[in-house]
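**Student:** Take a look at the following structure, please.
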Amino acid sequence: MKLKELSQTEYLVLIWGLLLLSTLFSSIRFTVRWKTQSRFYVDDWWAVASWACLLTLAILYTSNANSMFFLSNYFKELIAGRQPIVNPDDIIRHNKIFGIVQLVAMLFFWTTLWAGKLSLLSFYRRLMEGVQGYMPWWWGVLIINVLTYWACFLSNFLTCLPLERRWSPDLMTNCSTPDAIKSTIVSIRFASGVDIATDLLIMMLPVPLLWGLRIPLAQKIGLAFIFCLGAIVIVFAIFRLKGVTDSISVVSHTAAQDLAMWSMVECSVAVVVISLPALRSLLSRRVSATRYGSKAASGALGGSGKTGPSGVITGSSHTGMKSGTHIRLHNIDKSKRWDSGDGLSSSSREELRRAPQRETINDEHGISFTREVFVSSTPGDEQFSQEGHGTLRGQPQGIAF
């Protein structure tokens, strides 16, 4: 997709407008995180790194604007069959500035995108840590992302060697030759391909976890939307690939401008996308939920919560806990007897009261990971009896909004 040819002023407005937009969403992300969590996590720092690289990219493109538009106008005249009247020294100077800055800018382009990917991976690590069988997949996706980043990094250098060809004014030997253009297109397609592939891998990583959750359909759809936000970046990556390769293939005088604008657009969208899940905390109130296998669990634990769909119990407990906190259920010694009154002996109730808080993973999305808890009883009795005892099963259970 080819963008409209812009003037230098319009180009700079676009560059800094995109940066301003991404800065706004990033600021909201960190504000929400601090107000809700009072701390920052690893994924936040990767988000900071992604935004910082985007800022550097905007500065580089701004500093390169004069040289880029000078050369663009120069080649526009040559393509039209006219010989522009310019100082040869100006051509050499602008060509060198443009070649060096463009080389460095592409490194920050890939770093911006991959820092965003690592931010999402860090978030998924907090979400999946402790879930049996998921961490090997996480490590596999991480290794693939690291390797592909360095592959893109190297392809940026190896496209046109030696490097001096990038800023040579000689059209017969620089990177404007047919062979060099072909290599450039191959490099762009390869890098864009692995960019899209790694985004898809990251999107697919939590799918098995989401598929097995026993939560209301509306919550599952909301989680699926959060996990699929990377599709937005993929769409813009495809637009960038199409627009840049089309410009380079026809030797357009706007090829450099298209590359810069599409690169800035994709990076800005990536920074916005990794910040979007945090905004959900502004739209809804997080509800901590734990699912029990018996409706009697609420009364047995002294709780006043209501039982929702699929046995989800919400609300607060009368055992002195604050609303939304959890306690870890321990296997209770079979030798301990259950009192008939409220369902728990004083020793068992004291054990529950002293139990440490359930370990949960909370984030700016208002998501907490819990484990499924089943309370067994004696055969044929749906209520706790004097012979009953509690048991635990370590099944992945809930991501509660």
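So you can find residues: chains in the structure tokens are A, B, ... in the order shown, residues in each start at 1, and ligands are numbered from 1 in order.
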Would you tabulate, counting only C-alpha atoms, all residues of region 157-179 of chain A that have an atom at most 12 Å from an atom of region 231-249 of chain A, showing the closest pair of atoms and their distance in Å to one decimal, sorted by chain then ascending number, as JSON lines?
**Tutor:**
```
{"residue": "A:Cys175", "atom": "CA", "partner": "A:Ile248", "partner_atom": "CA", "distance": 11.3}
{"residue": "A:Ser176", "atom": "CA", "partner": "A:Ile248", "partner_atom": "CA", "distance": 9.4}
{"residue": "A:Thr177", "atom": "CA", "partner": "A:Ile248", "partner_atom": "CA", "distance": 11.3}
{"residue": "A:Pro178", "atom": "CA", "partner": "A:Ser249", "partner_atom": "CA", "distance": 9.3}
{"residue": "A:Asp179", "atom": "CA", "partner": "A:Ser249", "partner_atom": "CA", "distance": 11.5}
```
**Student:** So that I can check the surroundings of Phe190 (chain A), please list as a PDB file with N, CA, C and O atoms, in the first residue's frame every protein, DNA and RNA residue that reaches within 12 Å of it, counting only C-alpha atoms and ignoring chain neighbours fewer than 3 positions away.
**Tutor:**
```
ATOM      1  N   THR A 148      15.489 -14.656  15.731  1.00  0.00           N
ATOM      2  CA  THR A 148      14.981 -13.907  14.581  1.00  0.00           C
ATOM      3  C   THR A 148      15.340 -12.425  14.671  1.00  0.00           C
ATOM      4  O   THR A 148      15.534 -11.766  13.638  1.00  0.00           O
ATOM      5  N   TYR A 149      15.432 -11.899  15.891  1.00  0.00           N
ATOM      6  CA  TYR A 149      15.857 -10.500  16.029  1.00  0.00           C
ATOM      7  C   TYR A 149      17.257 -10.312  15.471  1.00  0.00           C
ATOM      8  O   TYR A 149      17.519  -9.383  14.692  1.00  0.00           O
ATOM      9  N   ALA A 151      18.721 -12.211  13.368  1.00  0.00           N
ATOM     10  CA  ALA A 151      18.685 -12.459  11.926  1.00  0.00           C
ATOM     11  C   ALA A 151      18.286 -11.191  11.169  1.00  0.00           C
ATOM     12  O   ALA A 151      18.892 -10.850  10.144  1.00  0.00           O
ATOM     13  N   CYS A 152      17.282 -10.483  11.672  1.00  0.00           N
ATOM     14  CA  CYS A 152      16.879  -9.204  11.060  1.00  0.00           C
ATOM     15  C   CYS A 152      17.984  -8.167  11.186  1.00  0.00           C
ATOM     16  O   CYS A 152      18.236  -7.376  10.261  1.00  0.00           O
ATOM     17  N   PHE A 153      18.634  -8.179  12.336  1.00  0.00           N
ATOM     18  CA  PHE A 153      19.721  -7.243  12.599  1.00  0.00           C
ATOM     19  C   PHE A 153      20.844  -7.435  11.571  1.00  0.00           C
ATOM     20  O   PHE A 153      21.345  -6.469  10.983  1.00  0.00           O
ATOM     21  N   LEU A 154      21.225  -8.694  11.358  1.00  0.00           N
ATOM     22  CA  LEU A 154      22.309  -8.981  10.419  1.00  0.00           C
ATOM     23  C   LEU A 154      21.902  -8.738   8.974  1.00  0.00           C
ATOM     24  O   LEU A 154      22.710  -8.270   8.164  1.00  0.00           O
ATOM     25  N   SER A 155      20.646  -9.066   8.640  1.00  0.00           N
ATOM     26  CA  SER A 155      20.204  -8.866   7.258  1.00  0.00           C
ATOM     27  C   SER A 155      20.258  -7.398   6.868  1.00  0.00           C
ATOM     28  O   SER A 155      20.453  -7.061   5.694  1.00  0.00           O
ATOM     29  N   ASN A 156      20.103  -6.528   7.848  1.00  0.00           N
ATOM     30  CA  ASN A 156      20.178  -5.093   7.580  1.00  0.00           C
ATOM     31  C   ASN A 156      21.574  -4.692   7.106  1.00  0.00           C
ATOM     32  O   ASN A 156      21.731  -3.777   6.291  1.00  0.00           O
ATOM     33  N   THR A 159      22.669  -6.774   3.338  1.00  0.00           N
ATOM     34  CA  THR A 159      21.927  -6.534   2.100  1.00  0.00           C
ATOM     35  C   THR A 159      22.787  -5.922   1.019  1.00  0.00           C
ATOM     36  O   THR A 159      22.718  -6.309  -0.158  1.00  0.00           O
ATOM     37  N   SER A 183      18.302  -7.675  -3.779  1.00  0.00           N
ATOM     38  CA  SER A 183      18.726  -8.144  -2.453  1.00  0.00           C
ATOM     39  C   SER A 183      17.975  -7.408  -1.349  1.00  0.00           C
ATOM     40  O   SER A 183      17.600  -8.000  -0.328  1.00  0.00           O
ATOM     41  N   THR A 184      17.737  -6.129  -1.554  1.00  0.00           N
ATOM     42  CA  THR A 184      17.009  -5.349  -0.564  1.00  0.00           C
ATOM     43  C   THR A 184      15.577  -5.856  -0.400  1.00  0.00           C
ATOM     44  O   THR A 184      15.062  -5.985   0.719  1.00  0.00           O
ATOM     45  N   ILE A 185      14.924  -6.160  -1.521  1.00  0.00           N
ATOM     46  CA  ILE A 185      13.553  -6.672  -1.466  1.00  0.00           C
ATOM     47  C   ILE A 185      13.504  -8.024  -0.760  1.00  0.00           C
ATOM     48  O   ILE A 185      12.614  -8.282   0.066  1.00  0.00           O
ATOM     49  N   VAL A 186      14.475  -8.886  -1.062  1.00  0.00           N
ATOM     50  CA  VAL A 186      14.541 -10.191  -0.394  1.00  0.00           C
ATOM     51  C   VAL A 186      14.723 -10.014   1.105  1.00  0.00           C
ATOM     52  O   VAL A 186      14.072 -10.696   1.923  1.00  0.00           O
ATOM     53  N   SER A 187      15.604  -9.087   1.505  1.00  0.00           N
ATOM     54  CA  SER A 187      15.854  -8.839   2.920  1.00  0.00           C
ATOM     55  C   SER A 187      14.607  -8.320   3.627  1.00  0.00           C
ATOM     56  O   SER A 187      14.282  -8.754   4.740  1.00  0.00           O
ATOM     57  N   GLY A 193       8.626 -11.235   7.145  1.00  0.00           N
ATOM     58  CA  GLY A 193       8.057 -12.569   7.341  1.00  0.00           C
ATOM     59  C   GLY A 193       8.285 -13.097   8.744  1.00  0.00           C
ATOM     60  O   GLY A 193       7.358 -13.608   9.385  1.00  0.00           O
ATOM     61  N   VAL A 194       9.511 -12.970   9.252  1.00  0.00           N
ATOM     62  CA  VAL A 194       9.781 -13.462  10.601  1.00  0.00           C
ATOM     63  C   VAL A 194       9.123 -12.569  11.648  1.00  0.00           C
ATOM     64  O   VAL A 194       8.738 -13.032  12.731  1.00  0.00           O
ATOM     65  N   ASP A 195       8.969 -11.290  11.332  1.00  0.00           N
ATOM     66  CA  ASP A 195       8.243 -10.385  12.228  1.00  0.00           C
ATOM     67  C   ASP A 195       6.802 -10.856  12.392  1.00  0.00           C
ATOM     68  O   ASP A 195       6.288 -10.978  13.513  1.00  0.00           O
ATOM     69  N   ILE A 196       6.149 -11.143  11.287  1.00  0.00           N
ATOM     70  CA  ILE A 196       4.762 -11.614  11.335  1.00  0.00           C
ATOM     71  C   ILE A 196       4.672 -12.989  11.990  1.00  0.00           C
ATOM     72  O   ILE A 196       3.776 -13.256  12.803  1.00  0.00           O
ATOM     73  N   ALA A 197       5.617 -13.874  11.666  1.00  0.00           N
ATOM     74  CA  ALA A 197       5.598 -15.239  12.222  1.00  0.00           C
ATOM     75  C   ALA A 197       5.751 -15.224  13.743  1.00  0.00           C
ATOM     76  O   ALA A 197       5.051 -15.962  14.457  1.00  0.00           O
ATOM     77  N   LEU A 241       5.108  -3.987   4.318  1.00  0.00           N
ATOM     78  CA  LEU A 241       5.804  -4.840   3.359  1.00  0.00           C
ATOM     79  C   LEU A 241       5.355  -4.539   1.934  1.00  0.00           C
ATOM     80  O   LEU A 241       6.187  -4.390   1.023  1.00  0.00           O
ATOM     81  N   THR A 245       7.997  -2.575  -0.678  1.00  0.00           N
ATOM     82  CA  THR A 245       8.487  -3.351  -1.819  1.00  0.00           C
ATOM     83  C   THR A 245       7.967  -2.801  -3.146  1.00  0.00           C
ATOM     84  O   THR A 245       8.683  -2.834  -4.151  1.00  0.00           O
TER      85      THR A 245
END
```
**Student:** Compile the contact shell of Val273 (chain A) as a ChimeraX atom specification: residues with an atom at most 12 Å away, counting only C-alpha atoms, same-chain residues fewer than 3 positions apart removed.
**Tutor:** /A:21-23,25-26,29,47,50-51,113,116-117,119-120,225-234,236,266-270,276-279
**Student:** Output N, CA, C and O atoms for every residue in the selection just made, as a tab-separated table (two decimals), in the first residue's frame.
**Tutor:**
```tsv
chain	number	residue	atom	x	y	z
A	21	LEU	N	1.01	10.06	19.92
A	21	LEU	CA	-0.06	9.09	20.17
A	21	LEU	C	0.44	7.92	21.00
A	21	LEU	O	-0.20	7.51	21.98
A	22	SER	N	1.58	7.36	20.63
A	22	SER	CA	2.13	6.23	21.37
A	22	SER	C	2.55	6.65	22.78
A	22	SER	O	2.41	5.87	23.73
A	23	THR	N	3.03	7.88	22.93
A	23	THR	CA	3.40	8.38	24.26
A	23	THR	C	2.18	8.50	25.15
A	23	THR	O	2.23	8.19	26.36
A	25	PHE	N	-0.65	6.70	25.05
A	25	PHE	CA	-1.09	5.38	25.49
A	25	PHE	C	-0.09	4.77	26.47
A	25	PHE	O	-0.50	4.11	27.43
A	26	SER	N	1.20	4.98	26.25
A	26	SER	CA	2.20	4.46	27.18
A	26	SER	C	2.07	5.11	28.55
A	26	SER	O	2.18	4.44	29.59
A	29	ARG	N	-0.78	3.62	30.34
A	29	ARG	CA	-0.41	2.27	30.79
A	29	ARG	C	0.32	2.31	32.12
A	29	ARG	O	-0.04	1.60	33.07
A	47	ALA	N	8.36	-2.47	27.81
A	47	ALA	CA	7.53	-1.47	27.14
A	47	ALA	C	8.22	-0.11	27.13
A	47	ALA	O	8.14	0.64	26.14
A	50	SER	N	10.80	-0.26	24.43
A	50	SER	CA	10.18	-0.14	23.11
A	50	SER	C	9.86	1.31	22.79
A	50	SER	O	10.13	1.80	21.69
A	51	TRP	N	9.28	2.02	23.76
A	51	TRP	CA	8.95	3.43	23.54
A	51	TRP	C	10.22	4.26	23.35
A	51	TRP	O	10.25	5.17	22.51
A	113	LEU	N	10.24	-3.07	17.70
A	113	LEU	CA	9.27	-4.15	17.55
A	113	LEU	C	9.57	-5.32	18.49
A	113	LEU	O	8.67	-5.85	19.14
A	116	GLY	N	8.79	-4.77	22.11
A	116	GLY	CA	7.36	-4.95	22.34
A	116	GLY	C	6.98	-6.42	22.45
A	116	GLY	O	6.15	-6.80	23.28
A	117	LYS	N	7.59	-7.26	21.61
A	117	LYS	CA	7.32	-8.69	21.69
A	117	LYS	C	7.77	-9.25	23.04
A	117	LYS	O	7.07	-10.07	23.66
A	119	SER	N	7.95	-7.63	25.79
A	119	SER	CA	7.02	-7.14	26.80
A	119	SER	C	5.83	-8.08	26.93
A	119	SER	O	5.42	-8.46	28.04
A	120	LEU	N	5.27	-8.48	25.79
A	120	LEU	CA	4.14	-9.42	25.82
A	120	LEU	C	4.56	-10.78	26.37
A	120	LEU	O	3.83	-11.40	27.15
A	225	PHE	N	-9.69	-11.48	22.96
A	225	PHE	CA	-9.44	-10.18	22.33
A	225	PHE	C	-8.10	-9.61	22.78
A	225	PHE	O	-7.32	-9.10	21.97
A	226	ILE	N	-7.82	-9.70	24.07
A	226	ILE	CA	-6.54	-9.19	24.60
A	226	ILE	C	-5.37	-9.95	23.97
A	226	ILE	O	-4.38	-9.35	23.55
A	227	PHE	N	-5.49	-11.27	23.90
A	227	PHE	CA	-4.39	-12.07	23.37
A	227	PHE	C	-4.21	-11.88	21.87
A	227	PHE	O	-3.12	-12.13	21.34
A	228	CYS	N	-5.23	-11.43	21.17
A	228	CYS	CA	-5.16	-11.28	19.71
A	228	CYS	C	-4.88	-9.85	19.27
A	228	CYS	O	-4.97	-9.55	18.07
A	229	LEU	N	-4.54	-8.97	20.20
A	229	LEU	CA	-4.24	-7.59	19.82
A	229	LEU	C	-3.04	-7.51	18.88
A	229	LEU	O	-2.92	-6.57	18.10
A	230	GLY	N	-2.17	-8.52	18.96
A	230	GLY	CA	-1.02	-8.54	18.06
A	230	GLY	C	-1.40	-8.60	16.60
A	230	GLY	O	-0.61	-8.26	15.72
A	231	ALA	N	-2.65	-9.02	16.31
A	231	ALA	CA	-3.10	-9.08	14.92
A	231	ALA	C	-3.12	-7.69	14.29
A	231	ALA	O	-2.95	-7.54	13.08
A	232	ILE	N	-3.32	-6.65	15.11
A	232	ILE	CA	-3.31	-5.28	14.60
A	232	ILE	C	-1.93	-4.95	14.05
A	232	ILE	O	-1.80	-4.35	12.97
A	233	VAL	N	-0.90	-5.33	14.78
A	233	VAL	CA	0.47	-5.07	14.33
A	233	VAL	C	0.75	-5.86	13.06
A	233	VAL	O	1.43	-5.37	12.14
A	234	ILE	N	0.24	-7.09	12.99
A	234	ILE	CA	0.45	-7.91	11.79
A	234	ILE	C	-0.14	-7.24	10.56
A	234	ILE	O	0.48	-7.23	9.48
A	236	PHE	N	-0.55	-4.06	9.97
A	236	PHE	CA	0.29	-2.93	9.56
A	236	PHE	C	1.64	-3.41	9.03
A	236	PHE	O	2.24	-2.75	8.17
A	266	GLU	N	4.23	1.36	11.82
A	266	GLU	CA	4.19	0.03	12.42
A	266	GLU	C	4.71	0.04	13.85
A	266	GLU	O	4.12	-0.57	14.75
A	267	CYS	N	5.82	0.75	14.08
A	267	CYS	CA	6.38	0.80	15.44
A	267	CYS	C	5.44	1.51	16.40
A	267	CYS	O	5.28	1.09	17.56
A	268	SER	N	4.81	2.59	15.95
A	268	SER	CA	3.88	3.32	16.81
A	268	SER	C	2.68	2.46	17.17
A	268	SER	O	2.23	2.44	18.33
A	269	VAL	N	2.16	1.74	16.19
A	269	VAL	CA	1.03	0.84	16.45
A	269	VAL	C	1.44	-0.24	17.44
A	269	VAL	O	0.67	-0.61	18.34
A	270	ALA	N	2.67	-0.77	17.31
A	270	ALA	CA	3.14	-1.81	18.24
A	270	ALA	C	3.20	-1.29	19.67
A	270	ALA	O	2.78	-1.98	20.61
A	276	LEU	N	-2.53	-1.27	25.26
A	276	LEU	CA	-4.00	-1.32	25.26
A	276	LEU	C	-4.59	-2.19	26.37
A	276	LEU	O	-5.59	-1.79	26.98
A	277	PRO	N	-4.05	-3.39	26.66
A	277	PRO	CA	-4.69	-4.21	27.70
A	277	PRO	C	-4.78	-3.51	29.05
A	277	PRO	O	-5.70	-3.78	29.81
A	278	ALA	N	-3.87	-2.59	29.34
A	278	ALA	CA	-3.90	-1.89	30.62
A	278	ALA	C	-5.14	-1.02	30.75
A	278	ALA	O	-5.62	-0.77	31.85
A	279	LEU	N	-5.67	-0.56	29.64
A	279	LEU	CA	-6.81	0.35	29.68
A	279	LEU	C	-8.08	-0.35	30.14
A	279	LEU	O	-9.05	0.31	30.49
```
**Student:** In Å to one decimal, how far is CA of Phe69 (chain A) from CA of Leu161 (chain A)?
**Tutor:**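 CA of Phe69 (chain A) lies at a distance of 24.4 Å from CA of Leu161 (chain A).
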